[in-house]
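J.: Structure file start-v4.csv (CSV, C-alpha atoms) is given on the next line.
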```csv
chain,number,residue,atom,x,y,z
A,1,MET,CA,-57.2,42.1,72.8
A,2,MET,CA,-55.8,41.7,69.2
A,3,ASP,CA,-55.6,38.3,67.6
A,4,ILE,CA,-52.1,37.6,66.4
A,5,GLU,CA,-51.7,35.2,63.5
A,6,PRO,CA,-48.8,32.7,64.1
A,7,GLN,CA,-46.0,33.3,61.7
A,8,PRO,CA,-44.8,30.1,60.0
A,9,LEU,CA,-41.1,29.4,59.7
A,10,GLN,CA,-39.7,30.4,56.3
A,11,VAL,CA,-38.9,26.9,55.4
A,12,ILE,CA,-40.6,24.1,53.4
A,13,ALA,CA,-43.0,22.2,55.6
A,14,PRO,CA,-42.4,18.6,56.5
A,15,ASP,CA,-45.4,17.3,54.4
A,16,LYS,CA,-44.0,19.1,51.4
A,17,ILE,CA,-40.6,17.8,52.1
A,18,ALA,CA,-42.0,14.3,52.0
A,19,GLN,CA,-43.4,14.9,48.5
A,20,LEU,CA,-40.1,16.4,47.3
A,21,VAL,CA,-38.1,13.4,48.7
A,22,GLU,CA,-40.5,11.0,47.0
A,23,ALA,CA,-40.2,12.9,43.7
A,24,VAL,CA,-36.4,13.0,43.9
A,25,GLY,CA,-36.4,9.2,44.8
A,26,ILE,CA,-38.3,8.5,41.6
A,27,ARG,CA,-35.8,10.5,39.6
A,28,LYS,CA,-32.8,8.9,41.2
A,29,ALA,CA,-34.2,5.4,40.6
A,30,GLY,CA,-34.7,6.2,36.9
A,31,LEU,CA,-31.2,7.7,36.3
A,32,GLY,CA,-29.0,5.8,33.8
A,33,ILE,CA,-26.2,3.6,34.9
A,34,LEU,CA,-23.3,5.8,33.8
A,35,PRO,CA,-24.5,9.0,35.4
A,36,THR,CA,-25.5,7.1,38.6
A,37,LEU,CA,-22.1,5.5,38.8
A,38,THR,CA,-20.2,8.7,38.0
A,39,LEU,CA,-22.1,10.7,40.6
A,40,GLY,CA,-21.5,7.8,43.0
A,41,VAL,CA,-17.8,8.0,42.5
A,42,LEU,CA,-18.0,11.8,43.2
A,43,ALA,CA,-19.9,11.2,46.4
A,44,GLY,CA,-17.3,8.7,47.6
A,45,ALA,CA,-14.5,11.3,47.0
A,46,PHE,CA,-16.6,14.1,48.6
A,47,ILE,CA,-17.1,12.0,51.8
A,48,ALA,CA,-13.4,11.2,51.7
A,49,PHE,CA,-12.5,14.9,51.7
A,50,GLY,CA,-14.7,15.3,54.8
A,51,ALA,CA,-13.0,12.3,56.4
A,52,MET,CA,-9.6,13.8,55.6
A,53,ALA,CA,-10.6,17.1,57.2
A,54,TYR,CA,-11.8,15.2,60.2
A,55,THR,CA,-8.5,13.3,60.6
A,56,VAL,CA,-6.5,16.5,60.5
A,57,ALA,CA,-8.9,18.4,62.8
A,58,ILE,CA,-8.6,16.0,65.6
A,59,THR,CA,-4.8,15.5,65.3
A,60,GLY,CA,-2.9,17.0,68.2
A,61,SER,CA,-6.0,18.6,69.8
A,62,GLU,CA,-5.6,19.3,73.5
A,63,LEU,CA,-9.2,20.4,74.0
A,64,GLY,CA,-10.4,17.2,75.6
A,65,PHE,CA,-12.3,14.2,74.2
A,66,GLY,CA,-15.8,15.8,73.6
A,67,PRO,CA,-14.7,19.2,72.2
A,68,THR,CA,-12.2,17.5,69.9
A,69,ARG,CA,-14.8,15.2,68.5
A,70,LEU,CA,-17.2,18.1,68.0
A,71,ILE,CA,-14.6,20.0,66.0
A,72,GLY,CA,-13.8,16.9,64.0
A,73,GLY,CA,-17.5,16.4,63.3
A,74,VAL,CA,-17.9,19.9,62.0
A,75,ALA,CA,-14.9,19.4,59.7
A,76,PHE,CA,-16.4,16.1,58.5
A,77,SER,CA,-19.6,17.9,57.6
A,78,LEU,CA,-17.8,19.1,54.5
A,79,GLY,CA,-18.4,15.8,52.9
A,80,LEU,CA,-22.2,15.9,52.9
A,81,ILE,CA,-22.2,19.6,52.1
A,82,LEU,CA,-20.3,18.8,48.9
A,83,VAL,CA,-22.7,15.9,48.1
A,84,ILE,CA,-25.9,18.0,48.6
A,85,ILE,CA,-24.7,21.4,47.1
A,86,GLY,CA,-22.3,20.0,44.5
A,87,GLY,CA,-24.6,17.2,43.5
A,88,ALA,CA,-23.7,13.5,43.9
A,89,GLU,CA,-25.2,10.1,44.6
A,90,LEU,CA,-24.5,9.0,48.2
A,91,PHE,CA,-25.6,5.4,49.2
A,92,THR,CA,-26.6,6.4,52.8
A,93,GLY,CA,-28.7,9.4,51.7
A,94,ASN,CA,-30.3,7.3,49.0
A,95,SER,CA,-31.9,5.2,51.7
A,96,LEU,CA,-34.6,7.9,51.4
A,97,ILE,CA,-35.7,6.4,48.1
A,98,VAL,CA,-37.6,4.0,50.4
A,99,MET,CA,-40.3,6.7,50.5
A,100,ALA,CA,-41.0,6.3,46.7
A,101,TRP,CA,-40.8,2.5,47.0
A,102,ALA,CA,-43.3,2.5,49.8
A,103,SER,CA,-45.7,4.5,47.7
A,104,GLY,CA,-45.3,2.0,44.9
A,105,ARG,CA,-43.7,4.7,42.6
A,106,VAL,CA,-40.4,2.8,42.5
A,107,GLY,CA,-40.1,-1.0,42.2
A,108,THR,CA,-37.9,-3.2,44.4
A,109,GLY,CA,-35.6,-3.9,41.5
A,110,ALA,CA,-35.1,-0.2,40.7
A,111,ILE,CA,-34.2,0.7,44.3
A,112,LEU,CA,-31.8,-2.2,44.6
A,113,ARG,CA,-30.3,-1.3,41.3
A,114,ASN,CA,-29.7,2.3,42.4
A,115,TRP,CA,-28.2,1.2,45.7
A,116,ALA,CA,-25.9,-1.3,44.1
A,117,ILE,CA,-24.6,1.1,41.5
A,118,VAL,CA,-24.2,4.0,43.9
A,119,TYR,CA,-22.5,1.8,46.5
A,120,VAL,CA,-19.9,0.6,43.9
A,121,GLY,CA,-19.4,4.2,42.8
A,122,ASN,CA,-18.9,5.4,46.4
A,123,LEU,CA,-16.4,2.5,47.0
A,124,ILE,CA,-14.4,3.4,43.9
A,125,GLY,CA,-14.3,7.1,44.7
A,126,ALA,CA,-13.4,6.6,48.4
A,127,ILE,CA,-10.7,4.0,47.8
A,128,ALA,CA,-9.2,6.0,44.9
A,129,THR,CA,-9.1,9.1,47.1
A,130,ALA,CA,-7.4,7.0,49.9
A,131,ILE,CA,-4.7,5.9,47.4
A,132,PHE,CA,-4.2,9.5,46.2
A,133,VAL,CA,-3.9,10.7,49.8
A,134,HIS,CA,-1.4,7.9,50.6
A,135,VAL,CA,0.8,8.7,47.6
A,136,SER,CA,0.6,12.4,48.1
A,137,GLY,CA,2.2,12.3,51.5
A,138,VAL,CA,-0.7,14.2,53.2
A,139,LEU,CA,-0.5,11.8,56.2
A,140,THR,CA,3.0,12.9,56.9
A,141,LEU,CA,1.7,16.4,58.0
A,142,GLY,CA,2.4,17.4,61.5
A,143,ASP,CA,5.6,15.4,61.6
A,144,GLY,CA,3.7,12.3,60.9
A,145,SER,CA,1.0,12.8,63.6
A,146,VAL,CA,-1.8,12.9,61.0
A,147,GLY,CA,-0.7,9.4,59.8
A,148,VAL,CA,-0.7,8.1,63.4
A,149,THR,CA,-4.3,9.5,63.8
A,150,ALA,CA,-5.3,7.7,60.6
A,151,GLU,CA,-3.9,4.4,62.0
A,152,ASN,CA,-5.7,4.9,65.3
A,153,ILE,CA,-9.0,5.4,63.5
A,154,VAL,CA,-8.6,2.1,61.7
A,155,MET,CA,-7.7,0.2,64.8
A,156,ALA,CA,-10.8,1.7,66.6
A,157,LYS,CA,-13.1,0.8,63.8
A,158,LEU,CA,-11.8,-2.7,63.4
A,159,GLY,CA,-11.9,-3.3,67.1
A,160,ILE,CA,-15.7,-3.0,67.5
A,161,SER,CA,-17.9,-6.1,67.3
A,162,PRO,CA,-20.3,-6.8,64.3
A,163,LEU,CA,-23.3,-6.0,66.6
A,164,GLN,CA,-21.8,-2.7,67.6
A,165,ALA,CA,-21.0,-1.9,64.0
A,166,PHE,CA,-24.5,-2.7,63.0
A,167,THR,CA,-26.2,-0.7,65.7
A,168,ARG,CA,-23.9,2.3,65.2
A,169,GLY,CA,-24.7,2.1,61.5
A,170,ILE,CA,-28.4,2.4,62.3
A,171,LEU,CA,-27.9,5.4,64.5
A,172,CYS,CA,-25.5,7.0,62.1
A,173,ASN,CA,-27.9,7.0,59.1
A,174,ILE,CA,-30.8,8.2,61.1
A,175,LEU,CA,-28.8,11.4,61.6
A,176,VAL,CA,-27.4,11.5,58.0
A,177,CYS,CA,-30.9,11.1,56.5
A,178,LEU,CA,-32.3,13.7,58.8
A,179,ALA,CA,-29.6,16.1,57.6
A,180,VAL,CA,-30.6,15.3,54.0
A,181,TRP,CA,-34.3,15.7,54.9
A,182,MET,CA,-33.7,19.0,56.5
A,183,SER,CA,-31.7,20.3,53.6
A,184,PHE,CA,-34.9,20.0,51.5
A,185,ALA,CA,-36.5,22.5,54.0
A,186,ALA,CA,-33.9,25.2,53.4
A,187,ARG,CA,-34.5,27.8,50.7
A,188,SER,CA,-30.9,28.9,50.2
A,189,VAL,CA,-27.4,27.4,49.9
A,190,ALA,CA,-26.4,29.0,53.2
A,191,GLY,CA,-29.5,27.5,54.9
A,192,LYS,CA,-28.8,24.0,53.5
A,193,VAL,CA,-25.2,24.2,54.9
A,194,VAL,CA,-26.5,25.3,58.3
A,195,VAL,CA,-28.9,22.5,58.7
A,196,ILE,CA,-26.5,19.8,57.5
A,197,VAL,CA,-23.7,20.5,60.0
A,198,PRO,CA,-25.4,19.7,63.4
A,199,PRO,CA,-26.6,16.2,62.7
A,200,ILE,CA,-23.4,15.2,60.8
A,201,ALA,CA,-21.2,16.7,63.6
A,202,ALA,CA,-23.4,14.8,66.1
A,203,PHE,CA,-23.0,11.4,64.5
A,204,VAL,CA,-19.2,11.8,64.2
A,205,MET,CA,-18.9,13.1,67.8
A,206,LEU,CA,-20.9,10.1,69.0
A,207,GLY,CA,-18.8,7.6,67.2
A,208,PHE,CA,-21.4,6.2,64.9
A,209,GLU,CA,-20.5,4.2,61.8
A,210,HIS,CA,-21.0,5.5,58.2
A,211,SER,CA,-20.3,2.9,55.5
A,212,VAL,CA,-19.0,5.4,52.9
A,213,ALA,CA,-16.7,7.2,55.3
A,214,ASN,CA,-15.3,3.9,56.3
A,215,MET,CA,-14.6,3.1,52.6
A,216,TYR,CA,-12.0,5.9,52.9
A,217,LEU,CA,-10.9,5.8,56.6
A,218,ILE,CA,-10.1,2.1,56.8
A,219,PRO,CA,-8.2,1.8,53.5
A,220,VAL,CA,-6.2,5.0,54.0
A,221,GLY,CA,-5.1,3.9,57.5
A,222,MET,CA,-4.2,0.5,56.2
A,223,LEU,CA,-2.2,1.9,53.4
A,224,HIS,CA,-0.3,4.2,55.7
A,225,LYS,CA,0.4,1.4,58.2
A,226,THR,CA,1.2,-1.6,55.8
A,227,GLY,CA,1.1,-0.2,52.3
A,228,MET,CA,-1.8,-2.6,51.5
A,229,ILE,CA,-5.6,-2.8,51.8
A,230,ASP,CA,-6.9,-5.9,53.6
A,231,ALA,CA,-10.2,-6.5,51.7
A,232,GLY,CA,-11.4,-9.1,54.3
A,233,MET,CA,-11.0,-6.7,57.2
A,234,LEU,CA,-12.6,-3.9,55.3
A,235,LEU,CA,-15.6,-6.1,54.4
A,236,ALA,CA,-15.9,-7.3,58.0
A,237,ASN,CA,-16.7,-3.7,58.9
A,238,LEU,CA,-18.6,-2.6,55.9
A,239,VAL,CA,-21.2,-5.5,55.9
A,240,PRO,CA,-22.7,-4.8,59.3
A,241,VAL,CA,-22.4,-1.1,59.0
A,242,THR,CA,-24.1,-1.0,55.6
A,243,ALA,CA,-26.9,-3.2,56.9
A,244,GLY,CA,-27.3,-0.8,59.8
A,245,ASN,CA,-27.2,2.2,57.5
A,246,ILE,CA,-30.1,0.8,55.4
A,247,ILE,CA,-32.3,0.1,58.4
A,248,GLY,CA,-31.5,3.5,60.0
A,249,GLY,CA,-32.1,5.6,57.0
A,250,GLY,CA,-34.6,3.5,55.0
A,251,GLY,CA,-36.6,2.1,57.9
A,252,LEU,CA,-36.4,4.6,60.8
A,253,VAL,CA,-36.5,7.8,58.7
A,254,ALA,CA,-37.9,7.3,55.2
A,255,LEU,CA,-40.5,4.7,56.2
A,256,VAL,CA,-41.6,6.5,59.3
A,257,TYR,CA,-42.1,9.8,57.4
A,258,TRP,CA,-43.9,7.9,54.7
A,259,LEU,CA,-46.3,6.5,57.2
A,260,VAL,CA,-47.0,10.0,58.6
A,261,TYR,CA,-47.1,12.1,55.4
A,262,LEU,CA,-47.5,9.9,52.3
A,263,ARG,CA,-49.6,6.9,53.3
A,264,PRO,CA,-53.0,7.3,51.7
A,265,SER,CA,-55.0,7.3,54.9
A,266,SER,CA,-52.6,9.8,56.5
A,267,HIS,CA,-53.3,12.8,54.2
A,268,ASP,CA,-56.3,14.0,56.2
A,269,MET,CA,-54.4,13.7,59.5
A,270,THR,CA,-51.6,15.9,58.4
A,271,ARG,CA,-53.5,18.8,56.9
```
Let me see whether you can do it: turn the structure in this file into structure tokens.

T.:
Amino acid sequence: MMDIEPQPLQVIAPDKIAQLVEAVGIRKAGLGILPTLTLGVLAGAFIAFGAMAYTVAITGSELGFGPTRLIGGVAFSLGLILVIIGGAELFTGNSLIVMAWASGRVGTGAILRNWAIVYVGNLIGAIATAIFVHVSGVLTLGDGSVGVTAENIVMAKLGISPLQAFTRGILCNILVCLAVWMSFAARSVAGKVVVIVPPIAAFVMLGFEHSVANMYLIPVGMLHKTGMIDAGMLLANLVPVTAGNIIGGGGLVALVYWLVYLRPSSHDMTR
């Protein structure tokens, strides 16, 4: 009987991904303020484009709750695809810098500096895009039904408790960071797109909370409904969601993979 050698998948192995993520985290933490902020603004706008696509995709659907959410999730995936392929700095994805921090290659000050600058950039990009969308009249599409959807999204997000927002933020960024993680495994643009879509579509379908998406979805719905952005209500959602995003991505993805692949005593175990 012939011995058949197992054929590995034509992707980058998880232990190599861990090394890549760590190296990228070091580079991100060392990036200057202006490029970090600019790339953060771009990411906020990119995620807003995905959120726009989601809003339109679910409007008027008669496919039922689950299938409609799935279609909306696929449409929303545009945002992270633009971030990964186009190149931008996204706060939720940058939770993976925790791997470089845990290895001692990035200091606490450096990671907090990156997160703060990127978060501000994301907020600027998302809110600016919301204002452009409001002024452009995009929400009047479908005889105004897209605007109604935008308002309903805001009401749903503001209607959940802080604990729900926090836990949904944790669950959301587990999937977002896994999408980013898997994108490192792909060796082509098409491959990266394919691996990004399922986890992003899943978090949207399941109703989890993404801080940067909410930086667009809540303001644009408020603008359409009242012509103003209520900063207090926006922060009431963003604070617990952001905290959850950090724990989900930094703790339950980055730190777990660091323990498996990069912790000094783990090297022999994963060979």

J.: Check the smallest atom-to-atom distance from each of A:Val146, A:Leu171, A:Val135, A:Ala45 to Ile247 (chain A) using all atoms listed in the file, then report the winner.

T.: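 Of all the options, A:Leu171 lies closest to Ile247 (chain A).
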
J.: Determine, using only C-alpha atoms, which residues of region 151-238 of chain A have any atom at most 9 Å from an atom of region 14-25 of chain A, and tabulate each with its shortest atom pair and distance in Å to one decimal place, rows ordered by chain and then rising number, as a Markdown table.

T.:
```
| residue | atom | partner | partner_atom | distance |
| --- | --- | --- | --- | --- |
| A:Trp181 | CA | A:Ile17 | CA | 7.2 |
| A:Met182 | CA | A:Ile17 | CA | 8.3 |
| A:Phe184 | CA | A:Ile17 | CA | 6.1 |
| A:Ala185 | CA | A:Ile17 | CA | 6.5 |
```

J.: Write a file of the selected residues as an mmCIF file, in the frame of the given file, keeping C-alpha atoms.

T.:
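Saved the output as part-v7.cif:
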```
data_model
loop_
_atom_site.group_PDB
_atom_site.id
_atom_site.type_symbol
_atom_site.label_atom_id
_atom_site.label_comp_id
_atom_site.auth_asym_id
_atom_site.auth_seq_id
_atom_site.Cartn_x
_atom_site.Cartn_y
_atom_site.Cartn_z
ATOM 1 C CA TRP A 181 -34.300 15.700 54.900
ATOM 2 C CA MET A 182 -33.700 19.000 56.500
ATOM 3 C CA PHE A 184 -34.900 20.000 51.500
ATOM 4 C CA ALA A 185 -36.500 22.500 54.000
#
```

J.: Out of A:Ile85, A:Met228, A:Val212, A:Ala57, which residue has the shortest atom-to-atom distance to Gly125 (chain A) when counting only C-alpha atoms?

T.: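 Checking each of A:Ile85, A:Met228, A:Val212, A:Ala57 against Gly125 (chain A), counting only C-alpha atoms, the winner is A:Val212.
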
J.: Can you work out the spacing between CA of Val239 (chain A) and CA of Leu82 (chain A) in Å, to one decimal?

T.: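 Answer for the CA of Val239 (chain A) to CA of Leu82 (chain A) separation: 25.3 Å.
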
J.: Pick from A:Leu259, A:Ala53, A:Ala254, A:Leu90: nearest to Val74 (chain A), with all atoms listed in the file counted?

T.: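 Using all atoms listed in the file, Val74 (chain A) sits closest to A:Ala53.
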
J.: Which residue, A:Gly44, A:Gly87, A:Gly191, A:Pro219, has the smallest gap to Gln10 (chain A) when you use only C-alpha atoms?

T.: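 Closest to Gln10 (chain A) of all the choices is A:Gly191.
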
J.: Can you measure CA of Tyr257 (chain A) to CA of Ile170 (chain A) for me? One decimal in Å is fine.

T.: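 Pair CA of Tyr257 (chain A) / CA of Ile170 (chain A) returns 16.3 Å.
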
J.: Figure out the distance between CA of Leu39 (chain A) and CA of Ala186 (chain A), please, to one decimal in Å.

T.: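 If I compute the distance from CA of Ala186 (chain A) to CA of Leu39 (chain A), I get 22.7 Å.
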
J.: With distances taken over all atoms listed in the file, which residue among A:Ile124, A:Val56, A:Ala88, A:Val83 lies nearest Leu141 (chain A)?

T.: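 Using all atoms listed in the file, Leu141 (chain A) sits closest to A:Val56.
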
J.: Measuring atom to atom with only C-alpha atoms, identify which of A:Val120, A:Ile81, A:Ala243, A:Gly232 is nearest to Leu163 (chain A).

T.: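 Of the candidates, the smallest distance to Leu163 (chain A) is held by A:Ala243.
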
J.: Please return, as a CSV table (one decimal) with C-alpha atoms, in the frame of the given file, all polymer residues that have at least one atom within 10 Å of the point (-23.0, 3.2, 65.2); use all atoms listed in the file and the file's own coordinate frame.

T.:
```
chain,number,residue,atom,x,y,z
A,160,ILE,CA,-15.7,-3.0,67.5
A,163,LEU,CA,-23.3,-6.0,66.6
A,164,GLN,CA,-21.8,-2.7,67.6
A,165,ALA,CA,-21.0,-1.9,64.0
A,166,PHE,CA,-24.5,-2.7,63.0
A,167,THR,CA,-26.2,-0.7,65.7
A,168,ARG,CA,-23.9,2.3,65.2
A,169,GLY,CA,-24.7,2.1,61.5
A,170,ILE,CA,-28.4,2.4,62.3
A,171,LEU,CA,-27.9,5.4,64.5
A,172,CYS,CA,-25.5,7.0,62.1
A,173,ASN,CA,-27.9,7.0,59.1
A,203,PHE,CA,-23.0,11.4,64.5
A,204,VAL,CA,-19.2,11.8,64.2
A,206,LEU,CA,-20.9,10.1,69.0
A,207,GLY,CA,-18.8,7.6,67.2
A,208,PHE,CA,-21.4,6.2,64.9
A,209,GLU,CA,-20.5,4.2,61.8
A,210,HIS,CA,-21.0,5.5,58.2
A,240,PRO,CA,-22.7,-4.8,59.3
A,241,VAL,CA,-22.4,-1.1,59.0
A,244,GLY,CA,-27.3,-0.8,59.8
A,245,ASN,CA,-27.2,2.2,57.5
A,248,GLY,CA,-31.5,3.5,60.0
```

J.: Identify, on the basis of only C-alpha atoms, every residue whose closest approach to Ile174 (chain A) does not exceed 7 Å; exclude the query and any residue fewer than 6 positions from it along the same chain; express the result as an NGL selection string.

T.: :A and (248-249 or 252-253)

J.: May I have the protein, DNA and RNA residues with an atom at most 12 Å from (-5.7, 6.5, 46.3), counting only C-alpha atoms in the file's coordinates, returned as a PyMOL selection string?

T.: chain A and resi 44-45+48+123-138+215-217+219-224+227-229

J.: Please, could N, CA, C and O atoms be added to region 12-23 of chain A and the result written as a short mmCIF file (atom, residue, chain, number, x, y, z; two decimals), keeping the file's coordinate frame?

T.:
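And here's selection-v9.cif as it stands now:
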```cif
data_model
loop_
_atom_site.label_atom_id
_atom_site.label_comp_id
_atom_site.auth_asym_id
_atom_site.auth_seq_id
_atom_site.Cartn_x
_atom_site.Cartn_y
_atom_site.Cartn_z
N ILE A 12 -39.62 25.03 54.01
CA ILE A 12 -40.60 24.10 53.40
C ILE A 12 -41.11 23.19 54.50
O ILE A 12 -40.34 22.61 55.26
N ALA A 13 -42.42 23.04 54.58
CA ALA A 13 -43.00 22.20 55.60
C ALA A 13 -42.74 20.75 55.45
O ALA A 13 -42.52 20.29 54.33
N PRO A 14 -42.75 19.98 56.55
CA PRO A 14 -42.40 18.60 56.50
C PRO A 14 -43.26 17.76 55.47
O PRO A 14 -42.75 16.87 54.80
N ASP A 15 -44.57 18.06 55.37
CA ASP A 15 -45.40 17.30 54.40
C ASP A 15 -44.98 17.57 52.99
O ASP A 15 -45.04 16.67 52.13
N LYS A 16 -44.52 18.79 52.71
CA LYS A 16 -44.00 19.10 51.40
C LYS A 16 -42.65 18.50 51.13
O LYS A 16 -42.33 18.09 50.02
N ILE A 17 -41.86 18.44 52.19
CA ILE A 17 -40.60 17.80 52.10
C ILE A 17 -40.76 16.31 51.67
O ILE A 17 -40.05 15.79 50.80
N ALA A 18 -41.73 15.66 52.28
CA ALA A 18 -42.00 14.30 52.00
C ALA A 18 -42.31 14.09 50.48
O ALA A 18 -41.83 13.15 49.84
N GLN A 19 -43.08 15.01 49.93
CA GLN A 19 -43.40 14.90 48.50
C GLN A 19 -42.17 15.17 47.65
O GLN A 19 -41.97 14.50 46.62
N LEU A 20 -41.32 16.11 48.08
CA LEU A 20 -40.10 16.40 47.30
C LEU A 20 -39.15 15.17 47.38
O LEU A 20 -38.56 14.79 46.36
N VAL A 21 -39.01 14.58 48.56
CA VAL A 21 -38.10 13.40 48.70
C VAL A 21 -38.62 12.26 47.84
O VAL A 21 -37.84 11.56 47.19
N GLU A 22 -39.93 12.07 47.81
CA GLU A 22 -40.50 11.00 47.00
C GLU A 22 -40.20 11.28 45.51
O GLU A 22 -39.77 10.38 44.77
N ALA A 23 -40.41 12.52 45.05
CA ALA A 23 -40.20 12.90 43.70
C ALA A 23 -38.69 12.69 43.28
O ALA A 23 -38.36 12.18 42.21
#
```
